[in-house]
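Participant: I am attaching a structure below and will ask some questions about it afterwards.
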Number of protein chains: 2
Amino acid sequence: MRGTKLVNRLAARFTVLVVIALSATPSYAEDGYDLWLRFAPLDGVAAAKLKSQTPVVAPISEGDRSSTLDVAVEELERGLTSLRGEGDPPPAQNPVQIILDCGTEPGTGQSGFSLTPQLEAERPTFRIAAQDHIGCLYGSYALLRELAAGRGLGEISLIDAPAMPLRLLNHWDNPDGHVERGYAGRSIFDWWNLPGRLDQRMIDYARANASIGINGAVVNNVNARAFMLEPRYIAKLKRLADAWRPYGIRIYVSARFSAPRDIGGLDTADPLDPAVRQWWQAKTDEIYASIPDFGGFLVKANSEGQPGPQDYGRSHADGANMMAEAVGDRGTVIWRAFVYSAEDDTDRAKQAYDEFKPLDGQFADNVIVQVKNGPIDFQPREPFHPMFGAMPKTRLMLELQITKEYLGFASHLAFLGPMWEEVLTADTGGEKSVADVIVPVGMAGVANTGSDRNWSGSVFDQANWYAFGRLAWNPSMSSDAIAREWTAQTFTRKPAALEPIVRMMLESREAVVQYMTPLGLAHLMGTGHHYGPAPWVCDLARPEWNPCYYHRADRDGIGFDRTPSGSNAISQYDPAIAAQWSDPAAIDPKLLLWFHRVDWDHRMASGRTLWHELVAEYDRGVAKVDGFAATWSALESEIDPERFRAISERLAIQQTEARWWRDASIAYWQSVNGLPLPEGTAKPPFSVEYYRKLEFPEAPGQ
Amino acid sequence: MRGTKLVNRLAARFTVLVVIALSATPSYAEDGYDLWLRFAPLDGVAAAKLKSQTPVVAPISEGDRSSTLDVAVEELERGLTSLRGEGDPPPAQNPVQIILDCGTEPGTGQSGFSLTPQLEAERPTFRIAAQDHIGCLYGSYALLRELAAGRGLGEISLIDAPAMPLRLLNHWDNPDGHVERGYAGRSIFDWWNLPGRLDQRMIDYARANASIGINGAVVNNVNARAFMLEPRYIAKLKRLADAWRPYGIRIYVSARFSAPRDIGGLDTADPLDPAVRQWWQAKTDEIYASIPDFGGFLVKANSEGQPGPQDYGRSHADGANMMAEAVGDRGTVIWRAFVYSAEDDTDRAKQAYDEFKPLDGQFADNVIVQVKNGPIDFQPREPFHPMFGAMPKTRLMLELQITKEYLGFASHLAFLGPMWEEVLTADTGGEKSVADVIVPVGMAGVANTGSDRNWSGSVFDQANWYAFGRLAWNPSMSSDAIAREWTAQTFTRKPAALEPIVRMMLESREAVVQYMTPLGLAHLMGTGHHYGPAPWVCDLARPEWNPCYYHRADRDGIGFDRTPSGSNAISQYDPAIAAQWSDPAAIDPKLLLWFHRVDWDHRMASGRTLWHELVAEYDRGVAKVDGFAATWSALESEIDPERFRAISERLAIQQTEARWWRDASIAYWQSVNGLPLPEGTAKPPFSVEYYRKLEFPEAPGQ
């Protein structure tokens with residue numbers, strides 16, 4: 001090896017320049033931890049404007065201060081400093097005063113706010129007004145969001161308020177740190193060290209949520225451990241509640257219905273038993289004594305092996321109302337409608353409706369029934385759940401899954417905004433959309449947070465957390481608008497980069513549908529872990545665990561007949577809606593095989609046979625993902641290296657796995673229908689046996 | 001609620017000043033992720049000097065470049081920029097050229113380097129010279145470390161080289177993400193997403209290690225899963241090895257001895273069976289084909305239920321040599337000496353020596369026997385392991401535990417430098433210290449890394465990772481020097497804050513010994529999880545699992561007689577050393593109860609009885625921790641808020657738990673000896689029954 005030699009003077013000069021250039025970039029890495037709260041320095045006109053206006057936050061008079069307003073001031077100062085992008089602002093002649101005017105009645109409603117620039121005044125101001133302090137905090141985040149999108153102070157004039165009262169995250173986090181259906185590492189909740197140690201992440205978590213209007217968190221898995229209601233855990237919950245209170249986040253707990261037996265020393269959990277009722281009353285009082293603004297309980301009862309009132313011959317209403325009585329007007333009992341029974345051989349898609357619809361009107365006022373977006377289980381595409389619109393006397397809440405259990409874990413780019421927009425705007429009949437049904441109540445999203453530095457496993461999965469919050473705030477926001485906001489804050493405001501990123505996001509969920517479960521197929525993934533394709537699984541103990549149950553493919557045809565000739569699940573919908581779906585020739589092909597069983601040579605509107613269309617769908621999905629990878633790779637100069645590489649690697653995994661889904665699925669369908677591939681179509685590289693033998697005992701999230 | 005009002009003009013001006021002051025602080029949080037590589041901006045004279053010298057890294061000529069030198073240049077530029085603390089360096093008239101002169105023969109030896117300032121020359125230079133590229137990288141980190149400590153370029157002239165060839169981390173990380181004895185979250189190794197996704201943490205991990213000279217990592221638990229040798233895992237290992245190669249980190253794997261049976265399709269793992277030998281040869285070749293610089297295997301065999309050669313009537317040497325033959329001169333087989341047998345009722349402290357000493361001289365040249373610092377298991381204090389000094393014909397490596405399984409998890413401040421200094425400087429007899437014995441071979445440290453943002457659970461635990469690396473590089477470094485270096489880089493260079501932090505660190509391990517296991521006691525912690533005191537446990541299946549086995553306390557006395565009248569473990573030491581310990585009146589009281597059983601009224605050198613001294617030790621330990629909390633609390637203005645709060649909370653937990661150890665232990669000893677407390681001593685607040693009933697099923701790390 002030769003010695004390293006100093007090259008000439010010119011090169012040395014060049015190095016000086018390189019060092020200068022390097023030092024202009026931020027010294028900290030873009031690791032995704034800051035989420036959409038990066039507040040990257042503005043540039044161009046926006047930067048010049050902000051610099052000249054030099055907004056400063058007017059001090060809050062002592063008597064008006066609160067921990068929430070302190071947060072608002074801190075966030076504004078931090079955000080403005082960061083957007084300004086330089087250490088010292090120039091001394092301003094006449095700085096714009098940002099005035100937090102909270103507790104007046106600007107007509108913005110609870111938690112709402114108005115933003116009003118008065119920049120031409122002698123003493124220029126920008127007013128954030130609200131009737132409560134949390135409204136002022138939301139307004140502060142809104143101002144920063146608008147600025148971060150590149151708008152000038154003078155252009156930011158708006159009045160806004162949350163559409164629905166409850167905007168909750170549901171964490172499927174176990175107290176041992178494992179996250180069910182989590183693909184971003186370990187739980188963010190450090191139960192062992194609480195209450196003594198409060199991880200800074202718990203503050204940053206609250207900041208992220210508050211910035212998009214999320215106002216509650218259920219901190220443990222719906223498959224709950226009863227010991228989380230013990231005093232030692234109440235102390236831990238209290239520490240979290242205290243930390244989150246300034247951010248307007250209330251804490252909720254998933255309660256195990258059998259807790260009176262598990263930890264209460266009783267021999268029953270019968271909701272009509274006086275001792276049981278008394279136990280819940282005392283336990284609830286104990287919690288409220290520590291956490292006066294405790295949100296309430298989330299309950300998964302008589303579902304997938306969880307205990308519930310039916311264990312004692314009681315109804316869901318009996319169980320929910322018993323707990324609701326204990327909670328009283330202090331909080332809410334949220335009862336999940338996700339039930340299906342081992343003893344019930346009805347179409348699984350029908351069971352929740354069948355079980356809950358007769359209970360309409362029987363639930364106490366402070367009970368909410370939480371319903372998944374579709375009647376099965378967070379599939380890439382389902383029609384909306386028939387309970388929406390069918391239970392006018394029950395408070396229904398929408399449950400969405402932010403974590404991508406069925407859409408490629410954290411490896412696949414799948415922006416869920418379009419999926420949620422699809423369900424929210426779905427017409428339930430009677431001129432009510434799903435959004436209309438839930439607006440008086442709320443939305444819950446199963447969180448995708450974890451200990452990964454970027455919170456969500458991949459940066460693009462942050463967009464799903466963001467979109468959930470924004471839609472819960474305003475369910476009529478478009479996916480497009482949300483993707484734009486998020487991209488501008490997370491990556492770049494430059495249209496040349498922002499536009500292709502947004503386009504890719506908006507296409508991404510449909511791509512997943514196409515390469516996983518096209519044309520209304522569902523539930524075809526690997527058993528248990530739900531990783532990868534397994535349409536061939538037909539032998540599991542319960543029929544509705546089997547992909548075969550859902551696709552019903554044989555030599556003649558494919559699809560689940562849910563019309564009157566089949567399970568008649570379609571009858572659970574409003575007749576006007578059902579009518580749109582009842583004819584296989586007229587139904588949107590995206591839902592075809594959900595509602596209909598058709599022959600392989602069924603003629604589609606495209607003119608192709610069902611079989612050819614199905615294969616084409618797989619190929620379209622794969623092609624889209626290839627397109628995403630190409631789009632992203634062209635953005636290298638626009639994205640910081642750390643996030644660029646991370647996303648490139650994820651997209652490469654998605655390309656491989658999309659092909660795997662396509663190839664394995666096609667190989668399997670061919671093994672069933674014996675049909676040749678359409679001309680010009682690539683043959684799967686392996687036989688179905690190859691795919692069938694793949695095993696993934698270490699797949700995450702189970 | 002009244003409206004928030006704008007207060008007067010004066011206050012508004014004040015706000016402007018506040019904003020300016022705020023914006024001078026770094027905009028990113030001090031979350032501990034950067035470890036000792038923060039390179040906080042210099043101040044005062046050091047800052048002015050660096051600014052005037054404007055060092056720039058001279059470009060490497062194309063023919064001399066390597067990935068390692070690229071890293072060196074990148075690190076230097078990044079570190080200098082950060083130390084300079086401002087975006088743009090002033091244009092320099094005559095900048096100091098930092099010259100990387102690698103591949104020459106400056107006499108620094110393998111991986112060594114010299115740093116030579118020539119600032120007075122017409123063209124001032126600072127030369128980093130080494131005979132290999134990794135030496136240049138180590139030299140670059142050394143330069144940054146010296147600068148970060150506040151020294152000027154002109155004062156940094158040194159020649160240095162690692163004392164021992166192997167400086168390894170051992171990760172007890174399972175492939176499912178659980179870390180055995182891990183208290184910092186989940187494993188940092190994301191096996192599921194490898195090889196497709198390489199987490200940035202894997203690069204930052206390599207940086208941290210290289211910066212302190214660590215040159216290898218065993219990436220999986222010694223309680224190993226055989227599937228980590230399967231091809232799909234070899235691909236994952238290769239991705240890590242490729243990422244770490246530029247940083248001089250070689251990858252090693254813990255191999256399960258029964259792998260030929262578990263995954264190889266053989267019906268035996270007998271090391272003398274030709275098919276088994278062939279399997280290991282083929283498997284090893286397969287690994288080397290992917291990873292040409294693969295470090296080798298670490299094996300835990302016939303210990304705590306792990307399979308091993310004794311299952312086939314073969315010796316440890318038979319097993320190790322068989323694997324060593326497969327590895328050949330490409331790498332190393334590291335064989336752990338941590339064995340104790342369920343069938344053996346000898347003093348557990350004697351067993352490893354008894355089993356391995358007869359094998360001295362039988363191990364192949366590329367086998368290393370890895371020996372824990374003490375004969376039991378990483379206790380807060382043990383005498384050095386008697387194998388050191390007793391196996392002159394065997395290559396011995398020292399195994400230390402960085403993660404604090406027995407010293408308070410991540411909650412207690414316990415800087416382990418003094419503990420390791422104690423073992424390294426221990427005289428084994430024959431004028432050889434433990435350090436002298438291991439210097440030809442190396443040191444391994446059981447890592448304390450995890451997914452926590454600060455890597456180690458608490459910031460102070462980073463110091464143990466750091467100390468391990470520095471001692472492996474130079475085992476004669478003092479704890480004091482290491483603590484100073486680390487504190488200057490991690491917290492502050494200001495003597496008024498640095499001095500008390502260093503003092504606290506240096507006292508901290510002794511404090512833990514005092515409140516947990518004073519006067520030579522050991523192994524008194526809770527069963528399984530090792531959390532908290534449990535001296536009362538006497539009924540576990542195997543005698544050496546019981547605290548009672550170790551303390552042997554009864555009405556008359558306490559302690560383990562390891563003299564000739566007892567187990568005679570003392571005879572395993574060199575007679576000159578044993579002589580220092582054989583007399584209970586003359587032995588260092590810190591080891592008294594390790595080697596001797598004495599009466600409760602045994603008279604100590606202090607004049608107190610053993611019982612009174614024991615109680616006093618507990619109180620001294622607790623008082624020290626109270627002192628740490630007070631010291632820390634006085635430093636609030638010197639430390640960033642995030643880390644200040646995090647450490648304050650940890651110290652509060654430590655205060656509580658130190659008292660718990662003290663109270664529970666004293667209550668138990670009193671229940672055994674019936675003795676009153678010395679006058680003026682605080683009574684434990686509860687009876688021993690109270691402490692005995694505490695249960696911690698969720699304690700981490702098991």
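Simple scheme: letters A, B, ... for chains in structure tokens order, numbers from 1 for residues in each chain, numbers from 1 for ligands in the order shown.
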So that I can check the secondary structure, give me every residue of region 292-430 of chain A assigned strand (DSSP E or B) by backbone DSSP, as a PyMOL selection string.
Facilitator: chain A and resi 296-299+332-336+367-372+396-401+427
Participant: Limited to N, CA, C and O atoms, could you put the picked residues into a file as a CSV table (one decimal), in the first residue's frame?
Facilitator:
```
chain,number,residue,atom,x,y,z
A,296,GLY,N,-61.8,6.7,29.7
A,296,GLY,CA,-62.7,5.6,29.9
A,296,GLY,C,-62.1,4.3,29.4
A,296,GLY,O,-60.8,4.2,29.3
A,297,PHE,N,-62.9,3.3,29.2
A,297,PHE,CA,-62.5,2.0,28.9
A,297,PHE,C,-62.8,1.6,27.4
A,297,PHE,O,-63.9,2.0,26.9
A,298,LEU,N,-61.9,0.9,26.8
A,298,LEU,CA,-62.2,0.2,25.5
A,298,LEU,C,-62.3,-1.3,25.8
A,298,LEU,O,-61.5,-1.8,26.6
A,299,VAL,N,-63.3,-1.9,25.3
A,299,VAL,CA,-63.5,-3.3,25.6
A,299,VAL,C,-63.7,-4.2,24.4
A,299,VAL,O,-64.5,-3.9,23.5
A,332,THR,N,-66.2,7.5,29.0
A,332,THR,CA,-66.9,6.8,28.0
A,332,THR,C,-66.5,5.3,28.0
A,332,THR,O,-65.4,5.0,28.4
A,333,VAL,N,-67.5,4.4,27.7
A,333,VAL,CA,-67.1,3.0,27.5
A,333,VAL,C,-67.2,2.8,26.0
A,333,VAL,O,-68.3,3.0,25.4
A,334,ILE,N,-66.1,2.4,25.4
A,334,ILE,CA,-66.1,2.1,24.0
A,334,ILE,C,-66.1,0.6,23.8
A,334,ILE,O,-65.2,-0.1,24.3
A,335,TRP,N,-67.1,0.1,23.2
A,335,TRP,CA,-67.4,-1.4,23.1
A,335,TRP,C,-67.1,-1.8,21.6
A,335,TRP,O,-67.8,-1.2,20.7
A,336,ARG,N,-66.2,-2.7,21.4
A,336,ARG,CA,-65.9,-3.1,20.0
A,336,ARG,C,-67.0,-4.0,19.4
A,336,ARG,O,-67.4,-4.9,20.1
A,367,VAL,N,-72.1,5.0,26.2
A,367,VAL,CA,-71.5,3.9,25.5
A,367,VAL,C,-71.3,4.2,24.0
A,367,VAL,O,-72.2,4.8,23.4
A,368,ILE,N,-70.2,3.9,23.5
A,368,ILE,CA,-70.0,4.0,22.1
A,368,ILE,C,-69.7,2.6,21.5
A,368,ILE,O,-68.9,1.9,22.2
A,369,VAL,N,-70.2,2.3,20.4
A,369,VAL,CA,-69.9,1.0,19.7
A,369,VAL,C,-68.9,1.3,18.6
A,369,VAL,O,-69.2,2.2,17.8
A,370,GLN,N,-67.7,0.7,18.7
A,370,GLN,CA,-66.7,1.0,17.7
A,370,GLN,C,-66.6,-0.1,16.7
A,370,GLN,O,-66.5,-1.3,16.9
A,371,VAL,N,-66.8,0.4,15.4
A,371,VAL,CA,-67.0,-0.5,14.3
A,371,VAL,C,-65.9,-0.4,13.3
A,371,VAL,O,-65.5,0.8,12.9
A,372,LYS,N,-65.3,-1.5,12.8
A,372,LYS,CA,-64.2,-1.4,11.8
A,372,LYS,C,-64.8,-0.9,10.5
A,372,LYS,O,-66.0,-1.0,10.2
A,396,LEU,N,-72.1,5.4,17.1
A,396,LEU,CA,-71.1,4.5,16.4
A,396,LEU,C,-69.8,5.3,16.2
A,396,LEU,O,-69.8,6.5,15.8
A,397,MET,N,-68.7,4.6,16.4
A,397,MET,CA,-67.4,5.2,16.1
A,397,MET,C,-66.7,4.3,15.1
A,397,MET,O,-66.9,3.1,15.1
A,398,LEU,N,-65.9,5.0,14.3
A,398,LEU,CA,-65.2,4.2,13.2
A,398,LEU,C,-63.9,3.8,13.7
A,398,LEU,O,-63.1,4.6,14.2
A,399,GLU,N,-63.5,2.5,13.5
A,399,GLU,CA,-62.2,2.0,13.8
A,399,GLU,C,-61.4,1.8,12.5
A,399,GLU,O,-61.8,1.0,11.7
A,400,LEU,N,-60.3,2.5,12.4
A,400,LEU,CA,-59.4,2.2,11.2
A,400,LEU,C,-58.1,1.6,11.7
A,400,LEU,O,-57.8,1.8,12.9
A,401,GLN,N,-57.4,1.0,10.8
A,401,GLN,CA,-56.1,0.4,11.2
A,401,GLN,C,-55.0,1.2,10.5
A,401,GLN,O,-54.8,1.1,9.3
A,427,ASP,N,-71.8,6.1,0.8
A,427,ASP,CA,-73.2,6.4,1.0
A,427,ASP,C,-73.8,5.2,1.7
A,427,ASP,O,-73.8,4.1,1.2
```
Participant: If DSSP is run on the backbone, what residues of region 88-275 of chain A are alpha helix (DSSP H)? A reply as a VMD selection string would be ideal.
Facilitator: chain A and resid 133 to 148 200 to 211 231 to 244 259 to 262 274 to 275
Participant: What's the 9 Å shell around Asn215 (chain B), counting only C-alpha atoms, without same-chain residues fewer than 3 positions away, as a PyMOL selection string?
Facilitator: chain B and resi 165-169+209-210+247-251
Participant: Using only C-alpha atoms, which residues sit within 9 Å of Arg643 (chain B) once same-chain residues fewer than 2 positions away are excluded, as a list of chain:residue names?
Facilitator: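 Residues meeting the cut-off are B:Glu30, B:Asp31, B:Gly32, B:Val459, B:Ile639, B:Asp640, B:Pro641, B:Arg645, B:Ala646, B:Ile647, B:Ser648.
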Participant: Keeping only C-alpha atoms, take the residues you just selected and write them out as a PDB file, in the first residue's frame.
Facilitator:
```pdb
ATOM      1  CA  GLU B  30     -30.063  16.192  23.406  1.00  0.00           C
ATOM      2  CA  ASP B  31     -31.558  12.756  23.422  1.00  0.00           C
ATOM      3  CA  GLY B  32     -28.317  10.851  23.902  1.00  0.00           C
ATOM      4  CA  VAL B 459     -26.932   8.145  29.462  1.00  0.00           C
ATOM      5  CA  ILE B 639     -26.947  20.175  31.594  1.00  0.00           C
ATOM      6  CA  ASP B 640     -29.527  20.264  28.811  1.00  0.00           C
ATOM      7  CA  PRO B 641     -33.074  19.807  30.135  1.00  0.00           C
ATOM      8  CA  ARG B 645     -34.524  15.255  33.749  1.00  0.00           C
ATOM      9  CA  ALA B 646     -33.884  11.740  32.519  1.00  0.00           C
ATOM     10  CA  ILE B 647     -30.931  11.298  34.859  1.00  0.00           C
ATOM     11  CA  SER B 648     -32.728  12.962  37.767  1.00  0.00           C
TER      12      SER B 648
END
```
Participant: Of the candidates B:Arg562, B:Arg692, B:Arg659, B:Lys300, which one gets nearest to Tyr618 (chain B) if we count only C-alpha atoms?
Facilitator: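 Looking only at the distances to Tyr618 (chain B), the closest residue turns out to be B:Arg659.
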Participant: Could you pull the residues within 12 Å of Ser341 (chain B), counting only C-alpha atoms, minus those fewer than 3 positions along the same chain, as a PyMOL selection string?
Facilitator: chain B and resi 301-306+310+338+344-352+354-355+542-545
Participant: So that I can check the surroundings of Ile402 (chain A), please list as number ranges by chain every protein, DNA and RNA residue that reaches within 10 Å of it, counting only C-alpha atoms and ignoring chain neighbours fewer than 4 positions away.
Facilitator: A: 169-170, 378, 415-417, 444-449, 456, 461-468
Participant: Let me make sure I understand: among B:Glu382, B:Asp588, B:Asp311, B:Glu286, which one has the smallest atom-to-atom distance to Ala269 (chain B) if we use only C-alpha atoms?
Facilitator: B:Asp311
Participant: For a quick check of understanding, using only C-alpha atoms, which of B:Ser633, B:Thr68, B:Ser187, B:Ser567 has the smallest distance to chain A?
Facilitator: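 For chain A, the nearest of the given residues is B:Ser187.
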Participant: Considering only C-alpha atoms, state which residue in the set B:Asn568, B:Gln93, B:Thr403, B:Thr81 is at the smallest distance from chain A.
Facilitator: B:Thr81
Participant: Can you pull out the residues contacting region 676-679 of chain B? Cut-off 9 Å, using only C-alpha atoms, and skip same-chain residues under 6 positions away; I want them as number ranges by chain.
Facilitator: B: 611-612, 615-616, 666, 670
Participant: Residues as selected, N, CA, C and O atoms, written as a short mmCIF file (atom, residue, chain, number, x, y, z; two decimals), in the first residue's frame, can you do that?
Facilitator:
```
data_model
loop_
_atom_site.label_atom_id
_atom_site.label_comp_id
_atom_site.auth_asym_id
_atom_site.auth_seq_id
_atom_site.Cartn_x
_atom_site.Cartn_y
_atom_site.Cartn_z
N TRP B 611 -21.51 -7.57 62.18
CA TRP B 611 -22.91 -7.17 62.05
C TRP B 611 -23.03 -5.66 61.97
O TRP B 611 -23.70 -5.12 61.08
N HIS B 612 -22.35 -4.98 62.85
CA HIS B 612 -22.44 -3.51 62.82
C HIS B 612 -21.79 -2.94 61.57
O HIS B 612 -22.29 -1.98 60.97
N VAL B 615 -24.23 -3.43 58.58
CA VAL B 615 -25.29 -2.41 58.58
C VAL B 615 -24.73 -1.06 58.15
O VAL B 615 -25.34 -0.34 57.35
N ALA B 616 -23.55 -0.76 58.63
CA ALA B 616 -22.94 0.53 58.27
C ALA B 616 -22.66 0.60 56.77
O ALA B 616 -22.83 1.64 56.13
N ILE B 666 -31.34 -5.91 55.59
CA ILE B 666 -31.20 -5.81 57.05
C ILE B 666 -32.34 -6.55 57.75
O ILE B 666 -32.12 -7.29 58.72
N GLN B 670 -31.67 -9.69 60.22
CA GLN B 670 -32.19 -9.66 61.61
C GLN B 670 -33.10 -10.86 61.88
O GLN B 670 -33.10 -11.40 62.98
#
```
